[in-house]
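Asker: What follows is the file start.pdb, containing PDB, C-alpha atoms:
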```
MODEL        1
ATOM      1  CA  MET A  13      13.056   6.027 -12.056  1.00  0.00           C
ATOM      2  CA  PRO A  14      16.417   5.949 -10.243  1.00  0.00           C
ATOM      3  CA  PRO A  15      18.723   3.331 -11.813  1.00  0.00           C
ATOM      4  CA  ASP A  16      19.332   1.567  -8.485  1.00  0.00           C
ATOM      5  CA  MET A  17      15.630   1.220  -7.608  1.00  0.00           C
ATOM      6  CA  PRO A  18      14.426  -2.381  -7.953  1.00  0.00           C
ATOM      7  CA  ALA A  19      11.486  -2.608 -10.341  1.00  0.00           C
ATOM      8  CA  ALA A  20       9.532  -5.126 -12.370  1.00  0.00           C
ATOM      9  CA  PHE A  21       6.837  -4.817 -15.005  1.00  0.00           C
ATOM     10  CA  GLU A  22       3.958  -7.171 -15.634  1.00  0.00           C
ATOM     11  CA  PHE A  23       2.814  -7.086 -19.239  1.00  0.00           C
ATOM     12  CA  ARG A  24      -0.620  -8.643 -19.548  1.00  0.00           C
ATOM     13  CA  HIS A  25      -0.880  -8.473 -23.304  1.00  0.00           C
ATOM     14  CA  PRO A  26       1.194 -10.960 -25.325  1.00  0.00           C
ATOM     15  CA  SER A  27       2.232  -8.231 -27.770  1.00  0.00           C
ATOM     16  CA  TRP A  28       4.774  -7.136 -25.143  1.00  0.00           C
ATOM     17  CA  HIS A  29       6.320 -10.616 -24.905  1.00  0.00           C
ATOM     18  CA  ASP A  30       9.118 -10.177 -27.424  1.00  0.00           C
ATOM     19  CA  GLU A  31      12.884  -9.886 -27.545  1.00  0.00           C
ATOM     20  CA  GLU A  32      12.788  -6.092 -27.893  1.00  0.00           C
ATOM     21  CA  THR A  33      10.868  -5.746 -24.624  1.00  0.00           C
ATOM     22  CA  PHE A  34      13.085  -8.253 -22.818  1.00  0.00           C
ATOM     23  CA  ALA A  35      16.242  -6.494 -24.029  1.00  0.00           C
ATOM     24  CA  ALA A  36      14.930  -3.083 -22.936  1.00  0.00           C
ATOM     25  CA  LEU A  37      14.156  -4.425 -19.457  1.00  0.00           C
ATOM     26  CA  ALA A  38      17.508  -6.211 -19.170  1.00  0.00           C
ATOM     27  CA  GLY A  39      19.329  -3.074 -20.329  1.00  0.00           C
ATOM     28  CA  ARG A  40      17.920  -1.225 -17.329  1.00  0.00           C
ATOM     29  CA  GLY A  41      18.140  -4.153 -14.908  1.00  0.00           C
ATOM     30  CA  VAL A  42      14.348  -4.202 -14.629  1.00  0.00           C
ATOM     31  CA  GLY A  43      12.496  -7.448 -13.988  1.00  0.00           C
ATOM     32  CA  LEU A  44       9.828  -9.044 -16.122  1.00  0.00           C
ATOM     33  CA  TYR A  45       6.960 -10.149 -13.896  1.00  0.00           C
ATOM     34  CA  ILE A  46       6.230 -13.760 -14.844  1.00  0.00           C
ATOM     35  CA  THR A  47       2.575 -14.751 -14.497  1.00  0.00           C
ATOM     36  CA  ASP A  48       1.111 -18.255 -14.707  1.00  0.00           C
ATOM     37  CA  SER A  49      -2.666 -18.089 -15.059  1.00  0.00           C
ATOM     38  CA  ASP A  50      -5.761 -20.017 -16.141  1.00  0.00           C
ATOM     39  CA  ASP A  51      -7.060 -16.807 -17.715  1.00  0.00           C
ATOM     40  CA  GLU A  52      -6.599 -17.129 -21.466  1.00  0.00           C
ATOM     41  CA  ARG A  53      -6.016 -13.373 -21.693  1.00  0.00           C
ATOM     42  CA  LEU A  54      -3.013 -13.674 -19.364  1.00  0.00           C
ATOM     43  CA  GLY A  55      -1.744 -17.174 -20.021  1.00  0.00           C
ATOM     44  CA  THR A  56       1.834 -17.691 -18.958  1.00  0.00           C
ATOM     45  CA  THR A  57       4.436 -15.009 -19.453  1.00  0.00           C
ATOM     46  CA  PRO A  58       7.629 -16.280 -21.110  1.00  0.00           C
ATOM     47  CA  LEU A  59      10.116 -17.485 -18.504  1.00  0.00           C
ATOM     48  CA  VAL A  60      12.709 -14.792 -19.114  1.00  0.00           C
ATOM     49  CA  ALA A  61      14.832 -13.422 -16.284  1.00  0.00           C
ATOM     50  CA  THR A  62      15.761  -9.842 -17.221  1.00  0.00           C
ATOM     51  CA  ALA A  63      17.244  -8.708 -13.902  1.00  0.00           C
ATOM     52  CA  THR A  64      18.968  -9.978 -10.766  1.00  0.00           C
ATOM     53  CA  ARG A  65      15.514 -10.212  -9.185  1.00  0.00           C
ATOM     54  CA  VAL A  66      12.890 -12.570 -10.557  1.00  0.00           C
ATOM     55  CA  TYR A  67       9.235 -12.001  -9.753  1.00  0.00           C
ATOM     56  CA  PHE A  68       6.560 -14.570 -10.506  1.00  0.00           C
ATOM     57  CA  ARG A  69       2.887 -14.952  -9.763  1.00  0.00           C
ATOM     58  CA  LEU A  70       1.052 -18.282  -9.545  1.00  0.00           C
ATOM     59  CA  ARG A  71      -2.561 -17.487 -10.449  1.00  0.00           C
ATOM     60  CA  ARG A  72      -4.047 -20.810 -11.539  1.00  0.00           C
ATOM     61  CA  ASP A  73      -6.994 -22.168  -9.576  1.00  0.00           C
ATOM     62  CA  SER A  74      -4.949 -25.210  -8.638  1.00  0.00           C
ATOM     63  CA  TYR A  75      -1.582 -26.859  -9.174  1.00  0.00           C
ATOM     64  CA  ASP A  76      -0.793 -30.559  -8.991  1.00  0.00           C
ATOM     65  CA  ASP A  77       2.295 -32.056  -7.355  1.00  0.00           C
ATOM     66  CA  GLU A  78       4.202 -32.113 -10.637  1.00  0.00           C
ATOM     67  CA  SER A  79       3.490 -28.411 -11.245  1.00  0.00           C
ATOM     68  CA  TYR A  80       4.935 -27.499  -7.846  1.00  0.00           C
ATOM     69  CA  LYS A  81       8.035 -29.549  -8.635  1.00  0.00           C
ATOM     70  CA  VAL A  82       8.435 -27.758 -11.980  1.00  0.00           C
ATOM     71  CA  TRP A  83       8.112 -24.321 -10.361  1.00  0.00           C
ATOM     72  CA  ALA A  84      10.506 -25.332  -7.571  1.00  0.00           C
ATOM     73  CA  ALA A  85      13.048 -26.420 -10.209  1.00  0.00           C
ATOM     74  CA  ARG A  86      12.665 -23.056 -11.985  1.00  0.00           C
ATOM     75  CA  VAL A  87      13.209 -21.175  -8.742  1.00  0.00           C
ATOM     76  CA  SER A  88      16.226 -23.366  -7.940  1.00  0.00           C
ATOM     77  CA  ALA A  89      17.743 -22.577 -11.340  1.00  0.00           C
ATOM     78  CA  TRP A  90      17.250 -18.830 -10.872  1.00  0.00           C
ATOM     79  CA  VAL A  91      18.756 -19.012  -7.370  1.00  0.00           C
ATOM     80  CA  ALA A  92      21.725 -20.988  -8.745  1.00  0.00           C
ATOM     81  CA  GLU A  93      22.259 -18.119 -11.223  1.00  0.00           C
ATOM     82  CA  GLY A  94      22.580 -15.773  -8.232  1.00  0.00           C
ATOM     83  CA  ARG A  95      19.136 -14.200  -8.584  1.00  0.00           C
ATOM     84  CA  ASP A  96      16.762 -13.228  -5.791  1.00  0.00           C
ATOM     85  CA  VAL A  97      13.329 -14.729  -6.397  1.00  0.00           C
ATOM     86  CA  PHE A  98      10.014 -13.325  -5.197  1.00  0.00           C
ATOM     87  CA  ALA A  99       6.725 -15.198  -5.511  1.00  0.00           C
ATOM     88  CA  LEU A 100       3.145 -14.019  -5.257  1.00  0.00           C
ATOM     89  CA  LEU A 101       0.463 -16.621  -4.952  1.00  0.00           C
ATOM     90  CA  LYS A 102      -3.250 -16.662  -5.623  1.00  0.00           C
ATOM     91  CA  HIS A 103      -4.839 -14.433  -2.980  1.00  0.00           C
ATOM     92  CA  ASP A 104      -8.530 -15.176  -3.238  1.00  0.00           C
ATOM     93  CA  ILE A 105     -10.736 -15.529  -0.210  1.00  0.00           C
ATOM     94  CA  GLY A 106     -10.010 -18.765   1.579  1.00  0.00           C
ATOM     95  CA  LEU A 107      -6.900 -20.859   1.850  1.00  0.00           C
ATOM     96  CA  PRO A 108      -5.678 -21.517  -1.720  1.00  0.00           C
ATOM     97  CA  GLY A 109      -2.796 -19.036  -1.535  1.00  0.00           C
ATOM     98  CA  ILE A 110      -1.661 -20.287   1.859  1.00  0.00           C
ATOM     99  CA  GLU A 111      -1.817 -23.898   0.705  1.00  0.00           C
ATOM    100  CA  MET A 112       0.064 -22.993  -2.494  1.00  0.00           C
ATOM    101  CA  GLY A 113       2.739 -21.246  -0.459  1.00  0.00           C
ATOM    102  CA  LEU A 114       3.186 -24.207   1.851  1.00  0.00           C
ATOM    103  CA  GLU A 115       3.392 -26.664  -1.044  1.00  0.00           C
ATOM    104  CA  LEU A 116       5.874 -24.519  -2.959  1.00  0.00           C
ATOM    105  CA  THR A 117       7.924 -24.133   0.237  1.00  0.00           C
ATOM    106  CA  ARG A 118       7.977 -27.919   0.747  1.00  0.00           C
ATOM    107  CA  ASN A 119       9.164 -28.450  -2.828  1.00  0.00           C
ATOM    108  CA  LEU A 120      11.825 -25.747  -2.598  1.00  0.00           C
ATOM    109  CA  ALA A 121      13.133 -27.193   0.668  1.00  0.00           C
ATOM    110  CA  ALA A 122      13.199 -30.696  -0.861  1.00  0.00           C
ATOM    111  CA  ASP A 123      15.029 -29.315  -3.904  1.00  0.00           C
ATOM    112  CA  GLY A 124      17.631 -27.640  -1.670  1.00  0.00           C
ATOM    113  CA  ALA A 125      16.832 -24.144  -2.975  1.00  0.00           C
ATOM    114  CA  LEU A 126      15.417 -22.983   0.328  1.00  0.00           C
ATOM    115  CA  ALA A 127      17.185 -23.252   3.644  1.00  0.00           C
ATOM    116  CA  LEU A 128      14.598 -23.080   6.374  1.00  0.00           C
ATOM    117  CA  PRO A 129      15.439 -22.266   9.983  1.00  0.00           C
ATOM    118  CA  ILE A 130      12.684 -24.709  10.932  1.00  0.00           C
ATOM    119  CA  ALA A 131      11.306 -27.776   9.207  1.00  0.00           C
ATOM    120  CA  ALA A 132       9.052 -27.218   6.207  1.00  0.00           C
ATOM    121  CA  PRO A 133       5.385 -27.643   7.139  1.00  0.00           C
ATOM    122  CA  ALA A 134       4.208 -31.210   6.674  1.00  0.00           C
TER     123      ALA A 134
ENDMDL
END
```
Rewrite the structure of this file - the entire thing - as structure tokens.

Answerer:
Amino acid sequence: MPPDMPAAFEFRHPSWHDEETFAALAGRGVGLYITDSDDERLGTTPLVATATRVYFRLRRDSYDDESYKVWAARVSAWVAEGRDVFALLKHDIGLPGIEMGLELTRNLAADGALALPIAAPA
């Protein structure tokens, strides 16, 4: 892989979630894909930023208002560190992913981490 190509790895087995893996990724400037899931096999990946780009996936069936605030604060912290942050949201049939995206957007805008050219959806 070319050294300047942005990349991230998602490790679904907890045996990969260790300092050796994180150091190897950071040494190459490769991102760790952070996943938050209801699935006990996936759980939540450690919140370790290993590159200038942070990738995270919200996969739980639902999030409450406090959870969105916590994720917005995490994104704000990564942005404050000068990182680009990319989010993927639950993409099942129906509206959950869209609703999650709107709620996360509202929280990011309220937190000041996201400058929107238009008002955040109400």

Asker: I need the residue nearest Val82 of chain A from this list: A:Asn119, A:Ser49, A:Thr57, A:Thr62. Use only C-alpha atoms for the distance.

Answerer: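 Of the candidates, the smallest distance to Val82 of chain A is held by A:Asn119.
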
Asker: Which residues, written as number ranges by chain, have at least one atom at most 8 Å from Leu120 of chain A, with only C-alpha atoms counted and residues fewer than 6 positions away on the same chain left out?

Answerer: A: 84-85, 87-88, 126

Asker: Interatomic distance between atom CA of Leu70 of chain A and atom CA of Ala99 of chain A?

Answerer: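 Interatomic distance here is 7.6 Å.
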
Asker: As an NGL selection string, please: the residues near Ala20 of chain A (cut-off 6 Å, only C-alpha atoms, same-chain neighbours under 3 positions excluded).

Answerer: :A and (42-45)

Asker: Please list as a ChimeraX atom specification every residue within 6 Å of Arg65 of chain A, counting all atoms listed in the file and excluding residues in the same chain fewer than 4 positions away.

Answerer: /A:95-97

Asker: Mind telling me what the PyMOL selection byres ((chain A and resi 21) around 12) catches here, as an MDAnalysis selection string?

Answerer: chainID A and resid 18:20 22:25 28:29 33:34 36:38 40:47 57 61:63 65:68

Asker: Mind giving me the axis-aligned box for segment 71-89 of chain A with 6 Å on every side, centre plus edges in Å to one decimal, as JSON?

Answerer:
```
{"center_x": 5.4, "center_y": -24.8, "center_z": -9.7, "size_x": 36.7, "size_y": 26.6, "size_z": 16.6}
```

Asker: How many Å separate atom CA of Thr64 of chain A from atom CA of Leu114 of chain A?

Answerer: 24.7 Å

Asker: Any idea what the distance is between atom CA of Asp51 of chain A and atom CA of Ser79 of chain A?

Answerer: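 Atom-to-atom, atom CA of Asp51 of chain A to atom CA of Ser79 of chain A, that is 17.0 Å.
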
Asker: Give me the result of the PyMOL selection byres ((chain A and resi 50) around 12) on this file, residue by residue, as a PyMOL selection string.

Answerer: chain A and resi 47-49+51-57+69-75+102

Asker: Closest to Pro15 of chain A among A:Leu101, A:Glu78, A:Gly39, A:Pro108, using all atoms listed in the file?

Answerer: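 With all atoms listed in the file as the atom set, the closest residue is A:Gly39.
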
Asker: For Arg118 of chain A, which residue out of A:Trp83, A:Ser27, A:Pro14, A:Pro58 is the nearest one, using all atoms listed in the file?

Answerer: A:Trp83

Asker: Could N, CA and C atoms be built for segment 21-53 of chain A and written out as a PDB file, keeping the file's coordinate frame?

Answerer:
```
ATOM      1  N   PHE A  21       8.049  -5.133 -14.258  1.00  0.00           N
ATOM      2  CA  PHE A  21       6.837  -4.817 -15.005  1.00  0.00           C
ATOM      3  C   PHE A  21       6.109  -6.102 -15.363  1.00  0.00           C
ATOM      4  N   GLU A  22       4.807  -6.058 -15.222  1.00  0.00           N
ATOM      5  CA  GLU A  22       3.958  -7.171 -15.634  1.00  0.00           C
ATOM      6  C   GLU A  22       3.198  -6.729 -16.878  1.00  0.00           C
ATOM      7  N   PHE A  23       3.485  -7.397 -17.987  1.00  0.00           N
ATOM      8  CA  PHE A  23       2.814  -7.086 -19.239  1.00  0.00           C
ATOM      9  C   PHE A  23       1.727  -8.131 -19.474  1.00  0.00           C
ATOM     10  N   ARG A  24       0.492  -7.698 -19.444  1.00  0.00           N
ATOM     11  CA  ARG A  24      -0.620  -8.643 -19.548  1.00  0.00           C
ATOM     12  C   ARG A  24      -1.046  -8.931 -20.978  1.00  0.00           C
ATOM     13  N   HIS A  25      -0.528  -8.191 -21.917  1.00  0.00           N
ATOM     14  CA  HIS A  25      -0.880  -8.473 -23.304  1.00  0.00           C
ATOM     15  C   HIS A  25       0.317  -9.127 -23.987  1.00  0.00           C
ATOM     16  N   PRO A  26       0.077 -10.232 -24.692  1.00  0.00           N
ATOM     17  CA  PRO A  26       1.194 -10.960 -25.325  1.00  0.00           C
ATOM     18  C   PRO A  26       2.012 -10.141 -26.322  1.00  0.00           C
ATOM     19  N   SER A  27       1.468  -9.037 -26.808  1.00  0.00           N
ATOM     20  CA  SER A  27       2.232  -8.231 -27.770  1.00  0.00           C
ATOM     21  C   SER A  27       3.511  -7.671 -27.151  1.00  0.00           C
ATOM     22  N   TRP A  28       3.574  -7.616 -25.830  1.00  0.00           N
ATOM     23  CA  TRP A  28       4.774  -7.136 -25.143  1.00  0.00           C
ATOM     24  C   TRP A  28       5.822  -8.236 -24.971  1.00  0.00           C
ATOM     25  N   HIS A  29       5.439  -9.481 -25.168  1.00  0.00           N
ATOM     26  CA  HIS A  29       6.320 -10.616 -24.905  1.00  0.00           C
ATOM     27  C   HIS A  29       7.216 -10.879 -26.109  1.00  0.00           C
ATOM     28  N   ASP A  30       8.200 -10.006 -26.300  1.00  0.00           N
ATOM     29  CA  ASP A  30       9.118 -10.177 -27.424  1.00  0.00           C
ATOM     30  C   ASP A  30      10.535  -9.789 -27.010  1.00  0.00           C
ATOM     31  N   GLU A  31      11.470 -10.120 -27.857  1.00  0.00           N
ATOM     32  CA  GLU A  31      12.884  -9.886 -27.545  1.00  0.00           C
ATOM     33  C   GLU A  31      13.204  -8.402 -27.334  1.00  0.00           C
ATOM     34  N   GLU A  32      12.551  -7.530 -28.057  1.00  0.00           N
ATOM     35  CA  GLU A  32      12.788  -6.092 -27.893  1.00  0.00           C
ATOM     36  C   GLU A  32      12.421  -5.635 -26.482  1.00  0.00           C
ATOM     37  N   THR A  33      11.289  -6.084 -25.985  1.00  0.00           N
ATOM     38  CA  THR A  33      10.868  -5.746 -24.624  1.00  0.00           C
ATOM     39  C   THR A  33      11.836  -6.325 -23.608  1.00  0.00           C
ATOM     40  N   PHE A  34      12.179  -7.605 -23.770  1.00  0.00           N
ATOM     41  CA  PHE A  34      13.085  -8.253 -22.818  1.00  0.00           C
ATOM     42  C   PHE A  34      14.449  -7.565 -22.792  1.00  0.00           C
ATOM     43  N   ALA A  35      14.943  -7.177 -23.956  1.00  0.00           N
ATOM     44  CA  ALA A  35      16.242  -6.494 -24.029  1.00  0.00           C
ATOM     45  C   ALA A  35      16.177  -5.121 -23.362  1.00  0.00           C
ATOM     46  N   ALA A  36      15.078  -4.402 -23.559  1.00  0.00           N
ATOM     47  CA  ALA A  36      14.930  -3.083 -22.936  1.00  0.00           C
ATOM     48  C   ALA A  36      14.904  -3.210 -21.411  1.00  0.00           C
ATOM     49  N   LEU A  37      14.196  -4.204 -20.905  1.00  0.00           N
ATOM     50  CA  LEU A  37      14.156  -4.425 -19.457  1.00  0.00           C
ATOM     51  C   LEU A  37      15.543  -4.809 -18.935  1.00  0.00           C
ATOM     52  N   ALA A  38      16.183  -5.756 -19.601  1.00  0.00           N
ATOM     53  CA  ALA A  38      17.508  -6.211 -19.170  1.00  0.00           C
ATOM     54  C   ALA A  38      18.524  -5.070 -19.213  1.00  0.00           C
ATOM     55  N   GLY A  39      18.410  -4.200 -20.210  1.00  0.00           N
ATOM     56  CA  GLY A  39      19.329  -3.074 -20.329  1.00  0.00           C
ATOM     57  C   GLY A  39      19.250  -2.111 -19.162  1.00  0.00           C
ATOM     58  N   ARG A  40      18.115  -2.087 -18.501  1.00  0.00           N
ATOM     59  CA  ARG A  40      17.920  -1.225 -17.329  1.00  0.00           C
ATOM     60  C   ARG A  40      17.964  -2.007 -16.017  1.00  0.00           C
ATOM     61  N   GLY A  41      18.147  -3.327 -16.112  1.00  0.00           N
ATOM     62  CA  GLY A  41      18.140  -4.153 -14.908  1.00  0.00           C
ATOM     63  C   GLY A  41      16.763  -4.246 -14.274  1.00  0.00           C
ATOM     64  N   VAL A  42      15.732  -4.168 -15.102  1.00  0.00           N
ATOM     65  CA  VAL A  42      14.348  -4.202 -14.629  1.00  0.00           C
ATOM     66  C   VAL A  42      13.779  -5.595 -14.877  1.00  0.00           C
ATOM     67  N   GLY A  43      13.047  -6.115 -13.893  1.00  0.00           N
ATOM     68  CA  GLY A  43      12.496  -7.448 -13.988  1.00  0.00           C
ATOM     69  C   GLY A  43      11.246  -7.534 -14.845  1.00  0.00           C
ATOM     70  N   LEU A  44      11.068  -8.696 -15.436  1.00  0.00           N
ATOM     71  CA  LEU A  44       9.828  -9.044 -16.122  1.00  0.00           C
ATOM     72  C   LEU A  44       9.016  -9.862 -15.132  1.00  0.00           C
ATOM     73  N   TYR A  45       7.823  -9.418 -14.823  1.00  0.00           N
ATOM     74  CA  TYR A  45       6.960 -10.149 -13.896  1.00  0.00           C
ATOM     75  C   TYR A  45       6.363 -11.331 -14.642  1.00  0.00           C
ATOM     76  N   ILE A  46       6.693 -12.534 -14.197  1.00  0.00           N
ATOM     77  CA  ILE A  46       6.230 -13.760 -14.844  1.00  0.00           C
ATOM     78  C   ILE A  46       4.921 -14.189 -14.187  1.00  0.00           C
ATOM     79  N   THR A  47       3.890 -14.364 -15.001  1.00  0.00           N
ATOM     80  CA  THR A  47       2.575 -14.751 -14.497  1.00  0.00           C
ATOM     81  C   THR A  47       2.159 -16.078 -15.104  1.00  0.00           C
ATOM     82  N   ASP A  48       1.655 -16.977 -14.256  1.00  0.00           N
ATOM     83  CA  ASP A  48       1.111 -18.255 -14.707  1.00  0.00           C
ATOM     84  C   ASP A  48      -0.360 -18.261 -14.322  1.00  0.00           C
ATOM     85  N   SER A  49      -1.248 -18.301 -15.316  1.00  0.00           N
ATOM     86  CA  SER A  49      -2.666 -18.089 -15.059  1.00  0.00           C
ATOM     87  C   SER A  49      -3.549 -18.997 -15.904  1.00  0.00           C
ATOM     88  N   ASP A  50      -4.732 -19.306 -15.373  1.00  0.00           N
ATOM     89  CA  ASP A  50      -5.761 -20.017 -16.141  1.00  0.00           C
ATOM     90  C   ASP A  50      -6.428 -19.090 -17.142  1.00  0.00           C
ATOM     91  N   ASP A  51      -6.386 -17.803 -16.883  1.00  0.00           N
ATOM     92  CA  ASP A  51      -7.060 -16.807 -17.715  1.00  0.00           C
ATOM     93  C   ASP A  51      -6.403 -16.773 -19.094  1.00  0.00           C
ATOM     94  N   GLU A  52      -7.161 -17.085 -20.111  1.00  0.00           N
ATOM     95  CA  GLU A  52      -6.599 -17.129 -21.466  1.00  0.00           C
ATOM     96  C   GLU A  52      -6.020 -15.788 -21.889  1.00  0.00           C
ATOM     97  N   ARG A  53      -6.548 -14.691 -21.343  1.00  0.00           N
ATOM     98  CA  ARG A  53      -6.016 -13.373 -21.693  1.00  0.00           C
ATOM     99  C   ARG A  53      -4.611 -13.182 -21.125  1.00  0.00           C
TER     100      ARG A  53
END
```
